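Student: Quick one, structure.txt (compact mmCIF, C-alpha atoms):
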```txt
# COMPACT_ATOMS: atom_id res chain seq x y z
CA MET K 33 14.87 -25.26 5.22
CA LYS K 34 11.37 -25.69 6.60
CA VAL K 35 9.72 -22.28 6.50
CA ALA K 36 6.38 -21.01 7.79
CA VAL K 37 4.87 -17.79 6.49
CA ILE K 38 2.24 -16.27 8.77
CA GLY K 39 -0.21 -14.17 6.78
CA LEU K 40 -0.99 -14.99 3.15
CA GLY K 41 -2.05 -11.65 1.77
CA TYR K 42 -0.25 -10.15 -1.23
CA VAL K 43 3.01 -9.81 0.73
CA GLY K 44 2.96 -13.19 2.45
CA SER K 45 1.86 -15.18 -0.59
CA SER K 46 4.51 -13.49 -2.76
CA LEU K 47 7.17 -14.41 -0.22
CA ALA K 48 5.85 -17.96 0.13
CA ASP K 49 5.80 -18.45 -3.65
CA ALA K 50 9.39 -17.24 -3.95
CA ALA K 51 10.70 -19.31 -1.04
CA SER K 52 8.88 -22.42 -2.24
CA SER K 53 10.28 -21.98 -5.75
CA ALA K 54 13.77 -21.77 -4.19
CA GLY K 55 13.32 -25.25 -2.78
CA HIS K 56 12.29 -24.56 0.80
CA GLU K 57 9.62 -26.69 2.45
CA LEU K 58 6.83 -24.15 2.83
CA ILE K 59 3.93 -23.91 5.25
CA GLY K 60 1.52 -21.01 4.72
CA ILE K 61 -0.76 -20.02 7.59
CA ASP K 62 -3.69 -17.61 7.46
CA LEU K 63 -6.83 -17.37 9.60
CA ASN K 64 -9.09 -16.49 6.65
CA PRO K 65 -10.74 -19.76 5.48
CA SER K 66 -11.73 -18.29 2.12
CA LYS K 67 -8.13 -17.32 1.40
CA ILE K 68 -6.94 -20.80 2.39
CA GLU K 69 -9.50 -22.37 0.06
CA VAL K 70 -8.43 -20.23 -2.89
CA LEU K 71 -4.70 -20.69 -2.30
CA SER K 72 -5.02 -24.45 -1.83
CA GLN K 73 -6.14 -24.63 -5.46
CA ARG K 74 -3.25 -22.51 -6.73
CA VAL K 75 -0.08 -23.35 -4.79
CA SER K 76 1.97 -26.51 -4.38
CA TYR K 77 2.87 -25.94 -0.73
CA GLN K 78 0.65 -26.60 2.28
CA VAL K 79 -1.69 -23.84 3.45
CA SER K 80 -3.69 -24.01 6.65
CA GLN K 81 -5.28 -22.15 9.56
CA ASP K 82 -3.41 -24.40 12.00
CA TYR K 83 -0.52 -22.71 13.84
CA GLY K 84 0.54 -26.17 15.02
CA LEU K 85 2.22 -26.71 11.66
CA VAL K 86 4.93 -24.28 12.80
CA VAL K 87 6.45 -27.13 14.84
CA GLY K 88 9.90 -27.98 13.52
CA CYS K 89 10.26 -24.93 11.26
CA ASP K 90 13.73 -23.43 10.85
CA VAL K 91 12.33 -20.03 9.85
CA VAL K 92 9.02 -18.38 10.72
CA VAL K 93 8.14 -15.17 8.84
CA ILE K 94 5.44 -12.83 10.10
CA ALA K 95 3.81 -11.07 7.14
CA VAL K 96 0.49 -9.81 8.46
CA PRO K 97 -1.21 -6.44 7.87
CA THR K 98 -0.32 -3.39 9.94
CA PRO K 99 -3.11 -0.91 9.11
CA LEU K 100 -4.34 2.21 10.85
CA ASP K 101 -7.27 2.17 13.25
CA SER K 102 -10.33 4.40 13.05
CA SER K 103 -8.30 7.24 14.59
CA ARG K 104 -5.53 6.74 12.02
CA GLN K 105 -3.18 5.38 14.67
CA PRO K 106 -1.04 2.24 14.21
CA ASP K 107 -2.94 -1.01 14.64
CA ILE K 108 -0.52 -3.85 15.37
CA SER K 109 -3.16 -6.28 16.61
CA PHE K 110 -2.46 -8.64 13.70
CA VAL K 111 1.20 -8.84 14.69
CA GLU K 112 0.23 -9.49 18.30
CA SER K 113 -2.16 -12.22 17.17
CA ALA K 114 0.53 -13.85 15.01
CA VAL K 115 3.01 -13.81 17.89
CA GLU K 116 0.44 -15.41 20.18
CA GLY K 117 -0.35 -18.01 17.53
CA ILE K 118 3.22 -19.18 16.99
CA SER K 119 4.32 -18.92 20.62
CA LYS K 120 3.41 -22.51 21.56
CA TYR K 121 5.02 -24.16 18.58
CA LEU K 122 8.48 -22.66 18.05
CA SER K 123 11.57 -24.81 18.42
CA GLU K 124 14.67 -23.56 20.21
CA GLY K 125 16.89 -21.63 17.80
CA THR K 126 14.12 -20.96 15.27
CA LEU K 127 14.66 -17.76 13.30
CA VAL K 128 11.65 -15.43 13.59
CA ILE K 129 11.58 -12.73 10.91
CA ASN K 130 9.18 -9.81 10.89
CA GLU K 131 8.27 -8.55 7.41
CA SER K 132 5.23 -6.60 8.59
CA THR K 133 5.84 -2.86 8.43
CA SER K 134 5.84 -1.28 11.87
CA TYR K 135 7.54 1.34 14.00
CA PRO K 136 11.12 0.87 15.29
CA GLY K 137 11.24 -1.40 18.29
CA THR K 138 8.45 -3.74 17.17
CA LEU K 139 10.77 -6.72 16.70
CA ARG K 140 12.81 -6.12 19.83
CA ASN K 141 10.11 -5.08 22.26
CA LEU K 142 6.90 -6.67 21.03
CA ILE K 143 7.88 -9.84 19.17
CA ALA K 144 11.05 -10.87 21.00
CA GLY K 145 9.71 -9.39 24.21
CA LYS K 146 6.69 -11.71 24.12
CA LEU K 147 8.37 -14.84 22.71
CA GLY K 148 11.51 -14.82 24.87
CA GLN K 149 15.22 -15.44 24.38
CA ASN K 150 15.22 -18.99 23.02
CA TYR K 151 14.93 -17.88 19.40
CA LEU K 152 16.71 -15.80 16.79
CA TYR K 153 15.12 -12.58 15.58
CA ALA K 154 15.48 -10.45 12.45
CA SER K 155 13.61 -7.67 10.71
CA ALA K 156 13.26 -7.61 6.91
CA PRO K 157 10.40 -5.21 6.07
CA GLU K 158 8.51 -6.14 2.93
CA ARG K 159 9.17 -4.29 -0.31
CA VAL K 160 6.33 -5.47 -2.52
CA ASP K 161 4.82 -3.20 -5.16
CA PRO K 162 1.58 -4.76 -6.49
CA GLY K 163 1.30 -4.65 -10.26
CA ASN K 164 4.93 -3.63 -10.81
CA THR K 165 6.29 -5.70 -13.69
CA LYS K 166 9.85 -4.38 -13.41
CA TRP K 167 10.63 -4.89 -9.71
CA ASN K 168 9.85 -8.20 -8.06
CA THR K 169 10.94 -10.46 -5.21
CA ARG K 170 14.10 -11.49 -7.06
CA ASN K 171 15.53 -8.12 -8.11
CA THR K 172 14.30 -5.83 -5.31
CA PRO K 173 17.05 -5.45 -2.67
CA ARG K 174 16.09 -6.49 0.84
CA ILE K 175 17.12 -4.78 4.08
CA VAL K 176 17.90 -7.11 6.99
CA GLY K 177 18.72 -6.30 10.60
CA GLY K 178 18.96 -8.79 13.46
CA LEU K 179 18.97 -8.72 17.23
CA THR K 180 22.21 -10.70 16.97
CA GLU K 181 24.80 -11.17 14.26
CA GLN K 182 23.85 -14.85 14.06
CA ALA K 183 20.20 -13.97 13.44
CA ARG K 184 21.08 -11.34 10.86
CA ASN K 185 23.36 -13.70 8.96
CA LYS K 186 20.86 -16.55 9.00
CA ALA K 187 18.16 -14.19 7.68
CA ARG K 188 20.57 -12.94 5.00
CA ASP K 189 21.30 -16.50 3.88
CA PHE K 190 17.57 -17.28 3.74
CA TYR K 191 16.71 -14.28 1.56
CA LEU K 192 19.67 -14.83 -0.75
CA THR K 193 18.12 -18.12 -1.86
CA PHE K 194 15.47 -16.15 -3.78
CA THR K 195 16.63 -12.49 -3.71
CA ASP K 196 19.66 -11.13 -5.57
CA THR K 197 20.69 -8.45 -3.08
CA VAL K 198 20.49 -8.19 0.71
CA HIS K 199 21.61 -5.02 2.47
CA LEU K 200 22.62 -5.64 6.08
CA VAL K 201 22.07 -2.98 8.75
CA SER K 202 23.30 -2.78 12.31
CA THR K 203 19.97 -3.19 14.12
CA PRO K 204 16.38 -4.17 13.35
CA GLU K 205 15.35 -0.64 14.32
CA VAL K 206 17.33 0.72 11.35
CA ALA K 207 15.56 -1.73 9.03
CA GLU K 208 12.17 -0.81 10.46
CA ALA K 209 12.86 2.93 10.19
CA ALA K 210 14.20 2.64 6.64
CA LYS K 211 10.93 1.12 5.43
CA LEU K 212 8.93 3.86 7.07
CA PHE K 213 11.11 6.60 5.64
CA GLU K 214 10.96 5.18 2.09
CA ASN K 215 7.21 5.67 2.00
CA THR K 216 7.19 8.86 4.06
CA PHE K 217 9.47 10.34 1.38
CA ARG K 218 6.87 9.53 -1.25
CA GLN K 219 3.96 10.74 0.88
CA VAL K 220 5.64 14.09 1.54
CA ASN K 221 6.53 14.67 -2.10
CA ILE K 222 3.08 13.68 -3.31
CA ALA K 223 1.62 16.11 -0.79
CA LEU K 224 3.96 18.81 -2.05
CA VAL K 225 2.84 18.39 -5.65
CA ASN K 226 -0.81 18.16 -4.57
CA GLU K 227 -0.45 21.40 -2.65
CA PHE K 228 1.28 22.96 -5.66
CA ALA K 229 -1.66 21.90 -7.85
CA GLN K 230 -3.91 23.96 -5.60
CA VAL K 231 -1.54 26.94 -5.80
CA ALA K 232 -1.28 26.67 -9.59
CA HIS K 233 -5.05 26.55 -9.92
CA ALA K 234 -5.42 29.67 -7.76
CA LEU K 235 -2.77 31.44 -9.85
CA GLY K 236 -4.43 30.41 -13.10
CA ILE K 237 -1.44 28.50 -14.50
CA SER K 238 -1.08 24.93 -15.70
CA THR K 239 0.21 22.50 -13.07
CA PHE K 240 1.39 19.96 -15.63
CA GLU K 241 3.08 22.45 -17.94
CA THR K 242 4.92 23.83 -14.92
CA LEU K 243 5.98 20.34 -13.80
CA GLU K 244 7.15 19.44 -17.30
CA ALA K 245 9.22 22.61 -17.40
CA ALA K 246 10.75 21.91 -13.98
CA ALA K 247 11.57 18.34 -15.03
CA THR K 248 13.87 19.59 -17.80
CA LYS K 249 16.43 20.30 -15.08
CA PRO K 250 18.82 17.33 -15.31
CA PHE K 251 19.80 17.37 -11.65
CA GLY K 252 18.23 18.02 -8.25
CA PHE K 253 14.61 17.47 -9.32
CA MET K 254 12.38 14.39 -9.06
CA PRO K 255 8.94 14.63 -10.70
CA PHE K 256 5.77 13.67 -8.83
CA ILE K 257 2.25 13.81 -10.26
CA PRO K 258 -0.75 15.41 -8.52
CA SER K 259 -3.78 13.22 -7.95
CA VAL K 260 -6.96 12.85 -5.94
CA GLY K 261 -4.94 11.44 -3.04
CA VAL K 262 -2.82 8.49 -1.95
CA GLY K 263 -3.96 4.90 -1.52
CA GLY K 264 -2.61 1.45 -0.78
CA HIS K 265 -1.18 -0.37 2.18
CA CYS K 266 2.06 1.64 2.46
CA ILE K 267 2.24 5.31 1.49
CA PRO K 268 -0.86 6.55 3.36
CA VAL K 269 -0.06 4.34 6.37
CA ASP K 270 3.70 4.16 6.99
CA PRO K 271 4.19 7.89 7.72
CA SER K 272 1.74 7.57 10.61
CA TYR K 273 3.85 4.75 12.05
CA LEU K 274 6.92 6.98 11.83
CA SER K 275 5.02 9.86 13.41
CA HIS K 276 3.84 7.53 16.16
CA ALA K 277 7.43 6.46 16.86
CA ALA K 278 8.49 10.10 17.09
CA ASN K 279 5.64 10.95 19.44
CA ARG K 280 6.71 8.14 21.75
CA VAL K 281 10.05 9.88 22.27
CA GLY K 282 8.52 13.33 22.67
CA LEU K 283 8.86 14.70 19.12
CA GLU K 284 6.18 16.18 16.88
CA THR K 285 6.50 15.47 13.16
CA LYS K 286 4.91 18.64 11.82
CA PHE K 287 6.12 18.10 8.27
CA ILE K 288 4.85 14.52 8.08
CA ASN K 289 1.56 15.44 9.72
CA HIS K 290 0.96 18.25 7.24
CA ALA K 291 1.68 15.91 4.31
CA ASN K 292 -0.90 13.47 5.64
CA GLU K 293 -3.43 16.27 6.01
CA VAL K 294 -2.85 17.59 2.47
CA ASN K 295 -3.29 14.19 0.84
CA LEU K 296 -6.32 13.28 2.93
CA ALA K 297 -7.96 16.59 1.95
CA MET K 298 -7.47 16.11 -1.80
CA PRO K 299 -10.76 14.25 -2.46
CA ASP K 300 -12.74 17.18 -1.06
CA PHE K 301 -10.61 19.64 -3.05
CA VAL K 302 -11.18 17.69 -6.27
CA ALA K 303 -14.92 17.45 -5.58
CA SER K 304 -15.06 21.22 -5.12
CA ARG K 305 -13.09 21.73 -8.33
CA ILE K 306 -15.54 19.49 -10.19
CA GLU K 307 -18.45 21.48 -8.80
CA SER K 308 -16.92 24.81 -9.82
CA SER K 309 -16.06 23.48 -13.29
CA HIS K 310 -19.66 22.32 -13.69
CA GLY K 311 -20.71 25.88 -12.97
CA ALA K 312 -23.60 25.01 -10.68
CA SER K 313 -24.63 22.80 -7.82
CA LEU K 314 -23.95 19.08 -8.28
CA LYS K 315 -27.35 18.18 -6.86
CA GLY K 316 -28.91 15.61 -9.17
CA VAL K 317 -25.92 15.65 -11.53
CA ARG K 318 -25.10 12.19 -12.90
CA ILE K 319 -21.43 11.39 -12.29
CA GLN K 320 -19.56 8.18 -13.07
CA VAL K 321 -16.18 7.48 -11.49
CA ALA K 322 -13.87 5.21 -13.52
CA GLY K 323 -11.47 3.15 -11.43
CA ILE K 324 -11.96 2.97 -7.67
CA SER K 325 -8.99 0.81 -6.65
CA TYR K 326 -5.96 2.69 -5.42
CA LYS K 327 -3.71 1.72 -8.33
CA ALA K 328 -4.09 0.91 -12.01
CA ASP K 329 -4.61 -2.74 -12.98
CA ILE K 330 -5.03 -4.11 -9.47
CA SER K 331 -8.22 -4.54 -7.40
CA ASP K 332 -6.94 -3.36 -4.01
CA LEU K 333 -9.24 -0.83 -2.32
CA ARG K 334 -7.16 -0.19 0.79
CA GLU K 335 -7.06 3.55 1.57
CA SER K 336 -8.29 4.28 -1.96
CA PRO K 337 -8.93 8.03 -2.38
CA ALA K 338 -11.59 7.24 -4.98
CA ILE K 339 -13.84 6.05 -2.16
CA ALA K 340 -13.43 9.37 -0.37
CA LEU K 341 -14.08 11.27 -3.61
CA ILE K 342 -17.33 9.37 -4.22
CA ALA K 343 -18.45 10.18 -0.68
CA SER K 344 -17.59 13.86 -1.14
CA LEU K 345 -19.48 14.09 -4.45
CA ARG K 346 -22.51 12.42 -2.90
CA ARG K 347 -22.46 14.88 -0.02
CA LYS K 348 -22.77 17.59 -2.66
CA GLY K 349 -25.92 15.90 -3.97
CA ALA K 350 -24.47 14.18 -7.03
CA GLU K 351 -25.88 10.86 -8.23
CA VAL K 352 -22.65 8.85 -8.38
CA GLN K 353 -22.09 5.47 -9.96
CA TRP K 354 -18.73 3.84 -10.59
CA HIS K 355 -17.02 1.52 -13.04
CA ASP K 356 -14.26 -0.89 -12.03
CA ASP K 357 -14.44 -4.43 -13.38
CA LEU K 358 -11.37 -5.42 -11.37
CA VAL K 359 -13.15 -4.55 -8.13
CA GLY K 360 -16.58 -5.73 -9.24
CA ASN K 361 -18.34 -5.23 -5.93
CA TRP K 362 -17.80 -2.76 -3.10
CA GLY K 363 -20.09 -2.95 -0.09
CA SER K 364 -23.61 -3.23 -1.43
CA GLU K 365 -22.69 -1.60 -4.76
CA SER K 366 -21.52 -3.08 -8.05
CA SER K 367 -19.52 -1.81 -11.00
CA SER K 368 -21.65 -0.25 -13.75
CA PRO K 369 -20.68 -0.17 -17.45
CA ILE K 370 -19.21 3.05 -18.81
CA SER K 371 -22.25 4.98 -20.00
CA GLU K 372 -23.17 8.51 -20.99
CA VAL K 373 -23.50 10.67 -17.90
CA ASP K 374 -23.17 14.37 -17.15
CA ILE K 375 -19.63 14.07 -15.77
CA GLY K 376 -17.14 11.21 -16.06
CA VAL K 377 -14.19 11.21 -13.66
CA ILE K 378 -11.14 9.04 -14.32
CA VAL K 379 -9.51 8.35 -10.95
CA THR K 380 -7.64 5.10 -11.63
CA ALA K 381 -6.93 4.39 -15.28
CA HIS K 382 -7.06 0.61 -15.65
CA SER K 383 -5.80 -0.79 -18.96
CA GLY K 384 -8.32 -1.56 -21.67
CA VAL K 385 -11.27 0.44 -20.39
CA ASP K 386 -13.60 1.45 -23.23
CA TYR K 387 -14.56 5.11 -22.76
CA SER K 388 -16.40 5.35 -26.09
CA ALA K 389 -19.76 6.03 -24.41
CA TRP K 390 -18.23 9.12 -22.88
CA LYS K 391 -16.48 10.12 -26.12
CA ASN K 392 -19.58 9.69 -28.26
CA GLY K 393 -21.98 11.35 -25.85
CA ARG K 394 -22.12 14.69 -24.12
CA THR K 395 -20.17 13.62 -21.06
CA MET K 396 -17.81 16.14 -19.53
CA VAL K 397 -14.67 14.09 -18.81
CA ILE K 398 -12.34 14.94 -15.93
CA ASP K 399 -9.01 13.09 -15.63
CA VAL K 400 -7.45 13.14 -12.16
CA SER K 401 -5.50 9.91 -12.64
CA THR K 402 -1.71 9.62 -12.67
CA SER K 403 -1.77 7.84 -16.04
CA PRO K 404 -0.30 9.87 -18.91
CA ASN K 405 -2.29 8.10 -21.63
CA THR K 406 -6.02 8.41 -21.02
CA GLY K 407 -6.61 10.70 -23.97
CA TRP K 408 -7.98 13.60 -21.97
CA PRO K 409 -6.12 16.61 -20.55
CA LYS K 410 -5.26 16.51 -16.89
CA PHE K 411 -7.68 18.28 -14.60
CA LEU K 412 -5.43 19.18 -11.69
```
Go through the file and emit its structure as structure tokens.

Tutor:
Amino acid sequence: MKVAVIGLGYVGSSLADAASSAGHELIGIDLNPSKIEVLSQRVSYQVSQDYGLVVGCDVVVIAVPTPLDSSRQPDISFVESAVEGISKYLSEGTLVINESTSYPGTLRNLIAGKLGQNYLYASAPERVDPGNTKWNTRNTPRIVGGLTEQARNKARDFYLTFTDTVHLVSTPEVAEAAKLFENTFRQVNIALVNEFAQVAHALGISTFETLEAAATKPFGFMPFIPSVGVGGHCIPVDPSYLSHAANRVGLETKFINHANEVNLAMPDFVASRIESSHGASLKGVRIQVAGISYKADISDLRESPAIALIASLRRKGAEVQWHDDLVGNWGSESSSPISEVDIGVIVTAHSGVDYSAWKNGRTMVIDVSTSPNTGWPKFL
């Protein structure tokens, strides 16, 4: 089949690579010229900024970002732009699949509503976990729902060419809601353990010893690890899309909203804990944060709580530098080598980082990462 993938970020390029490897004729479209230039040197399929290449495609997959705006409300402008871009070039009967995570009704009301009834429509929300070496495009089950049975079956057949398992659902709204709930589940449970870390600290007991004890129960318990917050393109974002969908039908998601609030407040809580552990004001204190991306061994900064922690520490007067060779540059700042400082804070524990300057000096080291193997006791 001739397939166009709209949006060549981590999700879109992963899909395009898999579909191309399965033998499909692939067209990748992205409006970022720098991304096109980089990908053109790496991939065997055609990449372009030209929506006109959609002409004659059997399948068009929308895989663009769906972030939050400055008010932390859903921003679906990228989806709207993609729909506008492909609208002039679709052939009758083309299957349009939305992989972009959004609230229930996006496929039916926004995408199909704007493009019209001459095409087939299906929803197959992405399930990509950057840096995960166990679960990939081939072995991660996909959920597919279509506006018609024909659309659903055609989407199923497409994904089965490069994915082992496809789970069919009755409507695209079910597929859209399932993706949101997957990550809302994680957000809520992370918030629960983060809130418990605050309770344990106030009670003077060890959070991690308590969690280890609870985890000995062989049924009915799933361990989560406290941290400085939640980052990435899914867990901090998707619950707000679900909350938005509920608000549109007159419901308030108090539980989800509280989970969001707890996780967003963690950087300030950790900064206050660091200040109290230091025993005095942080004004003029030299602090180095190790790892500012949201996840170990990747460079993605989206929603990274390390950024919020740095801002909170600086508001307290600390002189903060950071080390993250995977990120390299952030705004006008650059990664600095691990060096002796007053306080070193491990937020994201990338593999292979040499902490010897901290170990050999007089640096007070604080580990708020989710990695179990940094060599220092957990702080939360």

Student: Sorted by chain and rising residue number, list the residues of range 201-291 of chain K at most 12 Å from range 162-169 of chain K (counting all atoms listed in the file), each with its closest atom pair and distance in Å to one decimal, as CSV.

Tutor:
```
residue,atom,partner,partner_atom,distance
K:Gly264,CA,K:Pro162,CA,9.4
K:His265,CA,K:Pro162,CA,10.1
K:Cys266,CA,K:Pro162,CA,11.0
```

Student: Would you kindly return, as a list in words, each protein, DNA or RNA residue with an atom no farther than 9 Å from any atom of Phe194 in chain K, considering all atoms listed in the file and excluding same-chain residues fewer than 2 positions away?

Tutor: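 Returned residues: Ala50, Ala51, Ser53, Ala54, Thr169, Arg170, Phe190, Tyr191, Leu192 and Asp196 of chain K.
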
Student: Please determine, counting all atoms listed in the file, which residue among K:Asn295, K:Val86, K:Gly39, K:Ala350 has the shortest atom-to-atom distance to Lys67 in chain K.

Tutor: K:Gly39

Student: Measuring atom to atom with all atoms listed in the file, identify which of K:Asn215, K:Thr172, K:Glu112, K:Ala312 is nearest to Asn141 in chain K.

Tutor: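 So, comparing all the options, the nearest one is K:Glu112.
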
Student: Would you please work out which residue, of K:Arg346, K:Asn221, K:Pro404, K:Ile370, is nearest to Lys315 in chain K when using only C-alpha atoms?

Tutor: K:Arg346

Student: Show me as a list in words the residues that reach within 10 Å of (-15.5, 3.3, -19.8), counting all atoms listed in the file and using the file's own coordinates.

Tutor: Gln320, Val321, Ala322, Gly323, Trp354, His355, Asp356, Ser368, Pro369, Ile370, Ser371, Glu372, Gly376, Ile378, Ala381, His382, Gly384, Val385, Asp386, Tyr387, Ser388, Ala389, Trp390 and Lys391 of chain K

Student: Padding of 4 Å on every side, edges along x, y and z, all listed atoms of range 383-399 of chain K included: what centre and edge lengths in Å, to one decimal, does that box have, as JSON?

Tutor:
```
{"center_x": -14.0, "center_y": 7.3, "center_z": -21.9, "size_x": 24.3, "size_y": 25.7, "size_z": 20.6}
```

Student: Rebuild range 130-144 of chain K so that it carries N, CA and C atoms, then output the result as a PDB file, in the coordinates of the input.

Tutor:
```pdb
ATOM      1  N   ASN K 130      10.355 -10.663  11.068  1.00  0.00           N
ATOM      2  CA  ASN K 130       9.180  -9.810  10.890  1.00  0.00           C
ATOM      3  C   ASN K 130       9.298  -9.055   9.575  1.00  0.00           C
ATOM      4  N   GLU K 131       8.355  -9.316   8.658  1.00  0.00           N
ATOM      5  CA  GLU K 131       8.270  -8.550   7.410  1.00  0.00           C
ATOM      6  C   GLU K 131       7.203  -7.475   7.491  1.00  0.00           C
ATOM      7  N   SER K 132       6.317  -7.566   8.465  1.00  0.00           N
ATOM      8  CA  SER K 132       5.230  -6.600   8.590  1.00  0.00           C
ATOM      9  C   SER K 132       5.794  -5.216   8.930  1.00  0.00           C
ATOM     10  N   THR K 133       5.365  -4.218   8.201  1.00  0.00           N
ATOM     11  CA  THR K 133       5.840  -2.860   8.430  1.00  0.00           C
ATOM     12  C   THR K 133       5.333  -2.339   9.765  1.00  0.00           C
ATOM     13  N   SER K 134       6.237  -1.844  10.587  1.00  0.00           N
ATOM     14  CA  SER K 134       5.840  -1.280  11.870  1.00  0.00           C
ATOM     15  C   SER K 134       6.898  -0.318  12.366  1.00  0.00           C
ATOM     16  N   TYR K 135       6.630   0.325  13.481  1.00  0.00           N
ATOM     17  CA  TYR K 135       7.540   1.340  14.000  1.00  0.00           C
ATOM     18  C   TYR K 135       8.771   0.683  14.634  1.00  0.00           C
ATOM     19  N   PRO K 136       9.890   1.411  14.696  1.00  0.00           N
ATOM     20  CA  PRO K 136      11.120   0.870  15.290  1.00  0.00           C
ATOM     21  C   PRO K 136      10.893   0.385  16.715  1.00  0.00           C
ATOM     22  N   GLY K 137      11.410  -0.793  16.986  1.00  0.00           N
ATOM     23  CA  GLY K 137      11.240  -1.400  18.290  1.00  0.00           C
ATOM     24  C   GLY K 137      10.223  -2.523  18.300  1.00  0.00           C
ATOM     25  N   THR K 138       9.471  -2.694  17.213  1.00  0.00           N
ATOM     26  CA  THR K 138       8.450  -3.740  17.170  1.00  0.00           C
ATOM     27  C   THR K 138       9.065  -5.127  17.318  1.00  0.00           C
ATOM     28  N   LEU K 139      10.144  -5.394  16.594  1.00  0.00           N
ATOM     29  CA  LEU K 139      10.770  -6.720  16.700  1.00  0.00           C
ATOM     30  C   LEU K 139      11.346  -6.934  18.092  1.00  0.00           C
ATOM     31  N   ARG K 140      12.110  -5.961  18.550  1.00  0.00           N
ATOM     32  CA  ARG K 140      12.810  -6.120  19.830  1.00  0.00           C
ATOM     33  C   ARG K 140      11.844  -6.174  21.018  1.00  0.00           C
ATOM     34  N   ASN K 141      10.924  -5.237  21.061  1.00  0.00           N
ATOM     35  CA  ASN K 141      10.110  -5.080  22.260  1.00  0.00           C
ATOM     36  C   ASN K 141       8.818  -5.889  22.239  1.00  0.00           C
ATOM     37  N   LEU K 142       8.174  -5.963  21.082  1.00  0.00           N
ATOM     38  CA  LEU K 142       6.900  -6.670  21.030  1.00  0.00           C
ATOM     39  C   LEU K 142       7.103  -8.149  20.719  1.00  0.00           C
ATOM     40  N   ILE K 143       7.770  -8.443  19.612  1.00  0.00           N
ATOM     41  CA  ILE K 143       7.880  -9.840  19.170  1.00  0.00           C
ATOM     42  C   ILE K 143       8.832 -10.629  20.065  1.00  0.00           C
ATOM     43  N   ALA K 144      10.090 -10.166  20.137  1.00  0.00           N
ATOM     44  CA  ALA K 144      11.050 -10.870  21.000  1.00  0.00           C
ATOM     45  C   ALA K 144      10.666 -10.741  22.464  1.00  0.00           C
TER      46      ALA K 144
END
```
